[in-house]
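Structure, as structure tokens:
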Amino acid sequence: MKSFNSRIVFRWIHIILSIPIVGYIYSPFDKLPGYAFPTRFIFLPIMVLTGLWMWKGHLVRRLFARENRYPAF
């Protein structure tokens, strides 16, 4: 997948997973126990990872690239 296409996919995942978090923040207090587990342990970590990947993913790809960056002397 090209860099541009992966960025679009990660951006949409990031946007879609932010919707339940906004619902968690603005929901009535009696409905919070139903939202708590999926929001804390599923939606938020995935949203953070996609945001970090869009921000610093190029460094991770460069770190794991198979190029010989350090030539032998």
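The way I read the labels, and the way they are meant: chains A, B, ... in the order of the structure tokens, residue 1 as the first residue of every chain, and ligand 1 as the first ligand shown, with later ones counted on from there.
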Excluding same-chain residues fewer than 4 positions from Thr50 (chain A), what lies within 9 Å of it counting only C-alpha atoms, as a PDB file with C-alpha atoms, in the first residue's frame?
ATOM      1  CA  PHE A  10      -5.329   5.561   9.205  1.00  0.00           C
ATOM      2  CA  ARG A  11      -6.969   8.990   9.162  1.00  0.00           C
ATOM      3  CA  ILE A  13      -9.810   4.888  11.447  1.00  0.00           C
ATOM      4  CA  HIS A  14      -8.675   7.719  13.719  1.00  0.00           C
ATOM      5  CA  PRO A  45      -5.375   2.888  22.386  1.00  0.00           C
ATOM      6  CA  ILE A  46      -6.146   2.266  18.717  1.00  0.00           C
ATOM      7  CA  MET A  54       0.363   9.257  11.014  1.00  0.00           C
ATOM      8  CA  TRP A  55       2.734  11.548  12.888  1.00  0.00           C
TER       9      TRP A  55
END
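Comparing the minimum interatomic distances between Phe41 (chain A) and each of A:Trp12, A:Arg62, A:Ser3, A:Ile21, counting only C-alpha atoms, we find that A:Ile21 sits nearest.
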Item to check | Residue contacts of Tyr35 (chain A) (10 Å, only C-alpha atoms) excluding same-chain residues fewer than 5 positions away, as a PyMOL selection string | outcome: chain A and resi 20-21+23-25+27+40
The selected residues should be written to file as an mmCIF file, in the first residue's frame (atoms: N, CA and C atoms).
data_model
loop_
_atom_site.group_PDB
_atom_site.id
_atom_site.type_symbol
_atom_site.label_atom_id
_atom_site.label_comp_id
_atom_site.auth_asym_id
_atom_site.auth_seq_id
_atom_site.Cartn_x
_atom_site.Cartn_y
_atom_site.Cartn_z
ATOM 1 N N PRO A 20 -16.880 7.316 19.420
ATOM 2 C CA PRO A 20 -17.289 6.763 20.724
ATOM 3 C C PRO A 20 -16.636 7.461 21.918
ATOM 4 N N ILE A 21 -15.455 8.006 21.740
ATOM 5 C CA ILE A 21 -14.795 8.709 22.835
ATOM 6 C C ILE A 21 -15.537 10.000 23.153
ATOM 7 N N GLY A 23 -18.707 10.424 22.581
ATOM 8 C CA GLY A 23 -19.929 9.953 23.236
ATOM 9 C C GLY A 23 -19.702 9.603 24.690
ATOM 10 N N TYR A 24 -18.538 9.052 24.994
ATOM 11 C CA TYR A 24 -18.200 8.723 26.376
ATOM 12 C C TYR A 24 -18.072 9.985 27.222
ATOM 13 N N ILE A 25 -17.473 10.993 26.660
ATOM 14 C CA ILE A 25 -17.265 12.236 27.409
ATOM 15 C C ILE A 25 -18.583 12.948 27.679
ATOM 16 N N SER A 27 -21.758 11.685 27.494
ATOM 17 C CA SER A 27 -22.920 10.876 27.853
ATOM 18 C C SER A 27 -23.326 11.141 29.306
ATOM 19 N N ARG A 40 -11.855 2.773 27.070
ATOM 20 C CA ARG A 40 -10.523 2.832 27.671
ATOM 21 C C ARG A 40 -9.542 1.839 27.073
#
Next on the checklist: Give me, as number ranges by chain, the residues of chain A that a backbone DSSP run labels helix (DSSP H, G or I).
Outcome noted: A: 3-26, 29-63
